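So this block is target_31.cif, mmCIF, C-alpha atoms and all ligand atoms:
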```
data_model
#
loop_
_atom_site.label_atom_id
_atom_site.label_comp_id
_atom_site.auth_asym_id
_atom_site.auth_seq_id
_atom_site.Cartn_x
_atom_site.Cartn_y
_atom_site.Cartn_z
CA MET A 1 29.69 -6.31 17.36
CA ASN A 2 27.94 -7.50 14.21
CA VAL A 3 30.32 -9.20 11.85
CA LEU A 4 30.01 -10.13 8.19
CA THR A 5 32.62 -12.44 6.74
CA VAL A 6 32.83 -12.15 2.96
CA PHE A 7 34.97 -14.35 0.76
CA LEU A 8 35.79 -15.22 -2.81
CA SER A 9 37.47 -18.55 -3.41
CA MET A 10 37.93 -21.01 -6.28
CA LYS A 11 37.50 -24.71 -5.86
CA GLY A 12 38.86 -27.13 -8.43
CA GLU A 13 42.31 -26.85 -9.90
CA THR A 14 44.96 -24.77 -8.23
CA ILE A 15 48.73 -24.66 -8.15
CA ALA A 16 50.37 -26.24 -5.12
CA PRO A 17 54.02 -25.71 -4.14
CA GLY A 18 56.39 -27.11 -6.73
CA MET A 19 54.03 -25.96 -9.51
CA LYS A 20 51.97 -29.10 -9.00
CA ILE A 21 48.31 -28.84 -10.04
CA VAL A 22 45.99 -30.12 -7.31
CA ASN A 23 42.22 -30.36 -7.17
CA LEU A 24 40.53 -28.66 -4.22
CA GLU A 25 37.08 -29.56 -2.97
CA LYS A 26 37.05 -26.32 -1.05
CA GLY A 27 39.17 -23.29 -1.93
CA TYR A 28 41.84 -22.11 0.49
CA THR A 29 40.17 -18.76 1.15
CA ASN A 30 36.86 -20.49 1.77
CA ILE A 31 38.52 -22.59 4.50
CA ALA A 32 40.03 -19.47 6.11
CA ALA A 33 36.69 -17.60 5.96
CA GLU A 34 34.91 -20.46 7.72
CA TYR A 35 37.50 -20.43 10.49
CA ILE A 36 36.87 -16.71 10.99
CA HIS A 37 33.10 -17.16 10.98
CA GLU A 38 33.40 -19.89 13.61
CA VAL A 39 34.87 -17.46 16.16
CA THR A 40 33.19 -14.20 15.22
CA GLY A 41 29.66 -15.46 14.56
CA GLY A 42 27.56 -13.19 12.35
CA ASP A 43 27.02 -13.93 8.68
CA LEU A 44 29.12 -15.60 6.02
CA PHE A 45 28.77 -14.46 2.40
CA GLU A 46 30.41 -15.86 -0.72
CA ILE A 47 31.12 -13.60 -3.70
CA ARG A 48 30.26 -15.76 -6.70
CA PRO A 49 31.05 -14.40 -10.15
CA VAL A 50 28.35 -14.87 -12.79
CA ARG A 51 30.83 -16.07 -15.38
CA GLU A 52 32.42 -19.46 -15.09
CA TYR A 53 36.16 -19.40 -15.28
CA ASN A 54 37.88 -22.09 -17.30
CA PRO A 55 38.31 -25.23 -15.15
CA ASP A 56 41.80 -25.57 -16.63
CA HIS A 57 43.81 -23.60 -14.09
CA MET A 58 46.44 -22.31 -16.49
CA LYS A 59 43.73 -20.93 -18.80
CA MET A 60 41.77 -19.50 -15.89
CA ILE A 61 44.80 -17.55 -14.72
CA TYR A 62 44.91 -15.73 -18.04
CA GLU A 63 41.17 -15.08 -18.04
CA ALA A 64 41.69 -13.36 -14.71
CA LYS A 65 44.64 -11.45 -16.15
CA GLU A 66 42.43 -10.09 -18.92
CA GLU A 67 39.97 -8.84 -16.31
CA PHE A 68 42.79 -7.28 -14.37
CA ASP A 69 44.31 -5.58 -17.42
CA ALA A 70 40.90 -4.16 -18.36
CA ASN A 71 40.23 -3.03 -14.76
CA ALA A 72 36.94 -4.88 -15.28
CA ARG A 73 34.06 -5.24 -12.85
CA PRO A 74 32.79 -8.75 -13.62
CA ALA A 75 29.17 -9.26 -12.56
CA ILE A 76 28.54 -11.25 -9.41
CA GLN A 77 25.52 -13.42 -8.73
CA GLU A 78 24.17 -11.61 -5.71
CA TYR A 79 24.90 -9.14 -2.92
CA PRO A 80 23.90 -9.09 0.72
CA GLU A 81 20.74 -7.00 0.84
CA SER A 82 22.53 -4.40 2.93
CA ILE A 83 25.66 -3.97 5.01
CA GLU A 84 23.96 -1.40 7.28
CA GLY A 85 23.72 -3.70 10.28
CA TYR A 86 27.38 -4.76 10.30
CA ASP A 87 30.14 -3.01 12.22
CA MET A 88 32.98 -5.09 10.93
CA ILE A 89 33.55 -6.88 7.65
CA PHE A 90 36.20 -9.57 7.29
CA LEU A 91 37.10 -9.46 3.60
CA CYS A 92 38.80 -12.68 2.52
CA PHE A 93 40.22 -13.12 -0.97
CA PRO A 94 42.98 -14.89 -2.86
CA ASN A 95 45.76 -12.83 -4.36
CA TRP A 96 45.14 -12.68 -8.10
CA TRP A 97 47.79 -10.92 -10.08
CA ALA A 98 49.13 -9.09 -7.04
CA THR A 99 45.77 -7.65 -5.96
CA MET A 100 42.17 -8.62 -5.18
CA PRO A 101 40.22 -10.62 -7.77
CA MET A 102 38.26 -8.20 -9.96
CA PRO A 103 34.87 -9.61 -8.77
CA VAL A 104 35.87 -8.44 -5.28
CA PHE A 105 36.21 -4.91 -6.68
CA THR A 106 32.70 -5.35 -8.12
CA PHE A 107 31.44 -6.24 -4.66
CA LEU A 108 33.24 -3.32 -3.00
CA ASP A 109 31.96 -0.78 -5.55
CA HIS A 110 28.39 -1.76 -4.74
CA PHE A 111 28.28 -0.45 -1.16
CA ASP A 112 28.86 2.74 0.78
CA TRP A 113 31.61 1.89 3.27
CA THR A 114 31.24 4.96 5.48
CA GLY A 115 31.63 3.99 9.12
CA LYS A 116 32.57 0.39 8.35
CA THR A 117 35.67 -1.38 9.51
CA ILE A 118 37.24 -3.84 7.09
CA ALA A 119 39.64 -6.54 8.26
CA PRO A 120 41.24 -8.11 5.19
CA LEU A 121 42.65 -11.62 4.87
CA VAL A 122 44.54 -12.81 1.81
CA THR A 123 45.61 -16.28 0.79
CA SER A 124 48.34 -16.47 -1.80
CA GLY A 125 51.06 -18.52 -3.38
CA GLY A 126 53.63 -16.41 -1.56
CA SER A 127 53.24 -12.72 -2.35
CA GLY A 128 50.67 -11.96 0.36
CA PHE A 129 48.70 -8.75 -0.06
CA ALA A 130 51.10 -7.25 -2.62
CA ASN A 131 49.05 -4.29 -4.00
CA ALA A 132 45.74 -5.38 -2.49
CA LEU A 133 45.78 -3.14 0.59
CA ALA A 134 46.55 0.00 -1.41
CA ASP A 135 43.82 -0.92 -3.90
CA LEU A 136 41.37 -1.61 -1.09
CA ALA A 137 42.07 1.79 0.47
CA ARG A 138 41.62 3.42 -2.95
CA VAL A 139 38.23 1.84 -3.71
CA CYS A 140 36.89 2.10 -0.14
CA PRO A 141 38.21 5.48 1.02
CA ALA A 142 35.43 5.84 3.57
CA ALA A 143 36.18 2.59 5.35
CA LYS A 144 38.55 2.07 8.22
CA ILE A 145 40.91 -0.64 7.04
CA LEU A 146 42.71 -2.70 9.66
CA SER A 147 46.04 -4.40 9.22
CA GLY A 148 45.16 -7.77 7.80
CA LEU A 149 46.39 -11.31 7.80
CA GLU A 150 48.40 -13.06 5.09
CA VAL A 151 48.10 -16.82 4.84
CA LEU A 152 49.80 -19.13 2.37
CA GLY A 153 47.02 -20.85 0.44
CA HIS A 154 48.32 -24.37 0.95
CA GLU A 155 48.72 -23.67 4.68
CA ALA A 156 45.18 -22.31 5.16
CA GLU A 157 43.80 -25.55 6.52
CA THR A 158 46.55 -25.97 9.12
CA SER A 159 46.50 -22.30 10.12
CA LYS A 160 43.23 -22.54 12.03
CA LYS A 161 44.67 -21.31 15.31
CA ALA A 162 46.56 -18.37 13.79
CA ILE A 163 43.50 -17.32 11.76
CA GLN A 164 41.09 -17.65 14.67
CA ASP A 165 43.41 -15.88 17.12
CA TRP A 166 43.75 -12.99 14.67
CA ALA A 167 40.00 -12.79 14.00
CA TRP A 168 39.12 -12.89 17.66
CA LYS A 169 41.72 -10.30 18.60
CA THR A 170 40.63 -8.05 15.74
CA VAL A 171 37.02 -8.06 16.92
CA GLN A 172 37.94 -7.69 20.58
CA GLU A 173 40.26 -4.75 19.98
CA GLU A 174 37.41 -2.93 18.26
CA GLU A 175 35.03 -3.87 21.07
CA LEU A 176 37.46 -2.56 23.68
CA LYS A 177 37.77 0.75 21.85
CA ARG A 178 34.02 1.21 22.11
CA GLU A 179 33.66 0.13 25.75
CA THR A 180 34.48 2.78 28.33
CA PHE A 181 34.12 0.59 31.45
CA GLU A 182 32.69 3.77 32.92
CA PHE A 183 30.01 3.87 35.63
CA GLU A 184 28.49 6.98 37.18
CA SER A 185 28.81 5.90 40.75
CA PHE A 186 29.53 2.88 42.89
CA GLU A 187 26.55 0.68 43.59
CA ASN A 188 26.70 -2.58 45.49
CA ARG A 189 24.13 -4.02 43.17
CA THR A 190 26.57 -3.73 40.27
CA ALA A 191 28.82 -6.38 41.81
CA MET A 192 25.89 -8.71 42.43
CA ASP A 193 24.49 -8.16 38.95
CA PHE A 194 27.87 -8.82 37.38
CA MET A 195 28.34 -12.08 39.29
CA ASN A 196 24.85 -13.26 38.44
CA ALA A 197 25.35 -12.41 34.79
CA VAL A 198 28.65 -14.34 34.70
CA LEU A 199 27.03 -17.39 36.29
CA GLU A 200 24.06 -17.32 33.93
CA ILE A 201 26.24 -17.07 30.84
CA ALA A 202 28.73 -19.64 32.15
CA GLU A 203 25.92 -22.10 32.79
CA GLU A 204 24.55 -21.66 29.31
CA LYS A 205 27.76 -21.59 27.41
CA TYR A 206 30.76 -23.04 29.20
CA HIS A 207 29.52 -25.65 31.71
CA ARG A 208 32.66 -25.31 33.78
CA PRO A 209 33.25 -23.81 37.23
CA VAL A 210 34.20 -20.15 37.30
CA ARG A 211 35.56 -17.76 39.88
CA ILE A 212 34.40 -14.20 40.00
CA ARG A 213 35.49 -11.11 41.88
CA VAL A 214 34.44 -7.48 41.84
CA THR A 215 36.55 -4.91 43.66
CA CYS A 216 36.17 -1.23 44.37
CA ASN A 217 38.63 1.04 46.20
CA GLY A 218 40.80 -1.95 47.08
CA VAL A 219 37.93 -3.83 48.75
CA ILE A 220 36.39 -7.06 47.48
CA VAL A 221 32.74 -6.08 47.10
CA GLY A 222 31.68 -9.38 45.57
CA GLN A 223 33.29 -12.78 45.21
CA TYR A 224 32.20 -16.22 44.09
CA VAL A 225 34.75 -19.01 44.17
CA ASP A 226 33.52 -22.22 42.69
CA GLY A 227 36.16 -24.73 43.77
CA GLY A 228 37.06 -23.01 47.01
CA LEU A 229 39.46 -20.38 48.19
CA ALA A 230 42.47 -22.28 46.86
CA GLY A 231 41.54 -20.90 43.50
CA THR A 232 41.91 -17.22 44.20
CA GLU A 233 45.47 -16.73 42.91
CA TRP A 234 44.38 -15.75 39.42
CA LEU A 235 41.72 -13.45 40.81
CA ASP A 236 44.48 -11.70 42.77
CA ARG A 237 46.77 -11.53 39.76
CA LYS A 238 44.10 -10.13 37.47
CA GLU A 239 43.12 -7.61 40.12
CA ASN A 240 46.77 -6.47 40.31
CA THR A 241 47.03 -6.07 36.56
CA VAL A 242 43.84 -4.05 36.21
CA LYS A 243 45.04 -1.86 39.07
CA ALA A 244 48.42 -1.33 37.40
CA THR A 245 47.20 -0.65 33.87
CA GLY A 246 43.61 0.54 34.21
CA ARG A 247 42.89 -1.62 31.17
CA PRO A 248 41.54 -5.12 30.45
CA THR A 249 44.14 -7.77 31.32
CA ILE A 250 43.92 -9.25 27.81
CA GLU A 251 45.89 -6.21 26.59
CA LEU A 252 48.92 -7.32 28.62
CA TYR A 253 48.69 -10.63 26.75
CA TRP A 254 48.46 -8.90 23.38
CA HIS A 255 51.09 -6.25 24.04
CA PRO A 256 53.52 -7.50 26.69
CA GLU A 257 56.15 -5.10 25.27
CA GLU A 258 54.11 -2.14 26.57
CA HIS A 259 54.54 -3.31 30.16
CA PRO A 260 57.62 -5.58 30.20
CA ASP A 261 57.89 -5.31 33.99
CA LEU A 262 54.30 -6.52 34.48
CA ALA A 263 54.52 -9.23 31.83
CA ALA A 264 57.49 -10.79 33.64
CA ASP A 265 55.96 -10.46 37.12
CA ASP A 266 54.28 -13.61 38.47
CA THR A 267 51.90 -11.62 40.62
CA GLN A 268 50.38 -10.18 37.43
CA ALA A 269 48.10 -11.76 34.83
CA PRO A 270 49.05 -11.51 31.17
CA PHE A 271 45.78 -13.24 30.26
CA GLY A 272 42.14 -12.37 29.75
CA GLY A 273 39.43 -12.04 32.38
CA GLY A 274 40.08 -8.77 34.21
CA LEU A 275 38.26 -5.57 33.26
CA PRO A 276 38.56 -2.15 34.89
CA TYR A 277 35.74 -0.62 36.89
CA ILE A 278 35.93 3.08 36.05
CA ILE A 279 33.86 5.44 38.12
CA SER A 280 33.67 9.08 37.02
CA GLY A 281 36.86 8.76 35.02
CA GLU A 282 38.90 7.08 37.75
CA ASN A 283 40.17 3.51 37.80
CA ARG A 284 38.49 2.37 40.99
CA GLY A 285 38.36 -1.41 40.77
CA ALA A 286 37.92 -4.48 38.65
CA PHE A 287 35.50 -7.04 37.29
CA ILE A 288 37.29 -10.38 37.22
CA VAL A 289 36.52 -13.81 35.84
CA SER A 290 38.83 -16.80 36.08
CA GLY A 291 38.76 -20.55 35.57
CA LEU A 292 38.20 -20.89 31.83
CA ARG A 293 40.63 -20.48 28.96
CA HIS A 294 41.87 -16.90 28.86
CA ARG A 295 39.95 -16.03 25.71
CA GLU A 296 36.82 -17.42 27.34
CA ASP A 297 37.46 -15.59 30.61
CA HIS A 298 37.64 -12.36 28.63
CA ASP A 299 34.57 -13.14 26.49
CA LEU A 300 32.59 -14.08 29.58
CA ALA A 301 33.58 -10.94 31.51
CA MET A 302 32.72 -8.75 28.52
CA ALA A 303 29.38 -10.51 27.93
CA ALA A 304 28.45 -10.11 31.60
CA LEU A 305 29.38 -6.43 31.55
CA LYS A 306 27.25 -5.92 28.46
CA LYS A 307 24.38 -7.70 30.16
CA ILE A 308 24.47 -5.52 33.26
CA ARG A 309 24.72 -2.41 31.11
CA GLU A 310 21.46 -3.40 29.50
CA LYS A 311 19.87 -3.22 32.96
CA LYS A 312 18.42 0.22 33.29
CA GLY A 313 19.94 2.72 35.66
CA ASN A 314 23.06 0.71 36.28
CA SER A 315 25.48 2.52 34.08
CA LYS A 316 26.05 5.51 31.90
C1 LIG A 401 44.29 -15.78 -11.33
C2 LIG A 401 45.26 -16.07 -10.25
C3 LIG A 401 46.31 -15.21 -10.04
C4 LIG A 401 47.21 -15.43 -8.98
N1 LIG A 401 48.19 -14.54 -8.75
C5 LIG A 401 49.01 -14.71 -7.68
C6 LIG A 401 50.01 -13.74 -7.38
O1 LIG A 401 50.18 -12.74 -8.07
N2 LIG A 401 50.79 -13.97 -6.28
C7 LIG A 401 50.64 -15.07 -5.49
O2 LIG A 401 51.35 -15.21 -4.51
N3 LIG A 401 49.67 -15.99 -5.75
C8 LIG A 401 48.87 -15.83 -6.83
N4 LIG A 401 47.90 -16.77 -7.08
C9 LIG A 401 47.74 -17.93 -6.18
C10 LIG A 401 46.55 -17.76 -5.24
O3 LIG A 401 46.58 -16.51 -4.62
C11 LIG A 401 46.50 -18.83 -4.16
O4 LIG A 401 46.56 -20.11 -4.72
C12 LIG A 401 45.25 -18.70 -3.29
O5 LIG A 401 45.48 -19.29 -2.04
C13 LIG A 401 44.02 -19.32 -3.92
O6 LIG A 401 42.92 -19.21 -3.06
P1 LIG A 401 41.56 -20.00 -3.30
O7 LIG A 401 41.87 -21.49 -3.23
O8 LIG A 401 40.68 -19.59 -2.18
O9 LIG A 401 41.01 -19.60 -4.64
C14 LIG A 401 47.04 -16.58 -8.16
C15 LIG A 401 45.98 -17.46 -8.41
C16 LIG A 401 45.10 -17.22 -9.43
C17 LIG A 401 43.95 -18.15 -9.66
#
```
Produce structure tokens that represent the structure in this file.
Ligand SMILES: Cc1cc2nc3c(=O)[nH]c(=O)nc-3n(C[C@H](O)[C@H](O)[C@H](O)COP(=O)(O)O)c2cc1C
Amino acid sequence: MNVLTVFLSMKGETIAPGMKIVNLEKGYTNIAAEYIHEVTGGDLFEIRPVREYNPDHMKMIYEAKEEFDANARPAIQEYPESIEGYDMIFLCFPNWWATMPMPVFTFLDHFDWTGKTIAPLVTSGGSGFANALADLARVCPAAKILSGLEVLGHEAETSKKAIQDWAWKTVQEEELKRETFEFESFENRTAMDFMNAVLEIAEEKYHRPVRIRVTCNGVIVGQYVDGGLAGTEWLDRKENTVKATGRPTIELYWHPEEHPDLAADDTQAPFGGGLPYIISGENRGAFIVSGLRHREDHDLAMAALKKIREKKGNSK
């Protein structure tokens, strides 16, 4: 999934809680956008208005109000050459007068959003998105707009985990909608290829021991247990969960309310790392990775699946 993270943010004076004026070296939205970029990869783009707003915050606020009242489209310094290559755009902006800053409207008007998914993030003094989501839907009717994240500006820096968890989940949910986990037929080589792909990626990226299992029709058709057999409990649990849901185990972590019985069962795995092995529309087995953090287990399993799909003749 190719991701572009776009942001507009003001450094310098801003109002902190208690109506105190503070001076920021980096704007709150800028901090949030960098956190997103760190987990999603892809490109980071800053919307920079051509005009300079008054460095006196109280005056600047009224300059922005004039733009808002006039429904203006203030010029911005530059645009990405194209958004063609991106599937998902994280659009990060501060709440200005209960909506997006007008230069963000300028940016949005410039592109055709057909087929694009926009994940919005707002930082604010307390009112969150307010009218921004309705305005975004109005100016980008062709885009698919996901439910976004609201962050209090002065809490942006300390909200790293919440922002990164949201960004990662947002991308993964889209990825999972596109992936069918479907294979035409069972081939032994698939298990071997998957395990090799996991090991290659793990060696490059994680440098920690992993455990891998591939099952089909209730039989373990491939297994690699770095650390010995004592470490197979999570492989068993993930196998059970894939069998019960026919879906990636990470979904039980995201939506435990959909399967309360499984989420509370200690033979199941409400964590990442298990993916279904669908053959001709039937849930026949699982691809399982364990040993890393659950987000990493999931990322690694997905990356390995993608890698084996690139091998000709191995999948649909
Ligand atoms: C022109 C302007 C208008 C604002 N209007 C609102 C508002 O209507 N509601 C709100 O909660 N915060 C409002 N704020 C506060 C900002 O949304 C908040 O400080 C934000 O986190 C700033 O992000 P930044 O540091 O990335 O520029 C406004 C700030 C500015 C500069």
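Using all atoms listed in the file, the shortest contact distance between A:His57 and any of A:Gly12, A:Gly85, A:Gly41, A:Gly218 is found at A:Gly12.
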### Task
Could you pull out the residues sitting within 9 Å of ligand LIG 401 (chain A), using all atoms listed in the file, and write them as number ranges by chain?
A: 7-16, 24, 26-32, 57-58, 60-65, 92-99, 101, 122-130, 151-156
Box along x, y and z, 8 Å on every side, all listed atoms of stretch 124-130 of chain A inside: centre and edge lengths in Å to one decimal, as lines of an AutoDock Vina configuration file.
```
center_x = 51.0
center_y = -12.9
center_z = -1.5
size_x = 21.3
size_y = 27.3
size_z = 19.7
```
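Closest to A:Gln172 among A:Met88, A:Val219, A:Val104, A:Ala142 is A:Met88, based on all atoms listed in the file.
Proximity to A:Gly227 was assessed for A:Arg208, A:Ala301, A:Phe271, A:Glu251 counting all atoms listed in the file; the smallest distance is recorded for A:Arg208.
With all atoms listed in the file as the atoms that count, the minimum distance from A:Lys169 to the choices A:Gly228, A:Gly272, A:Pro209, A:Gly222 is reached by A:Gly272.
Among the candidates A:Val22, A:Leu176, A:Ile220, A:Leu300, the residue lying nearest to A:Glu203 is A:Leu300 (atoms considered: all atoms listed in the file).
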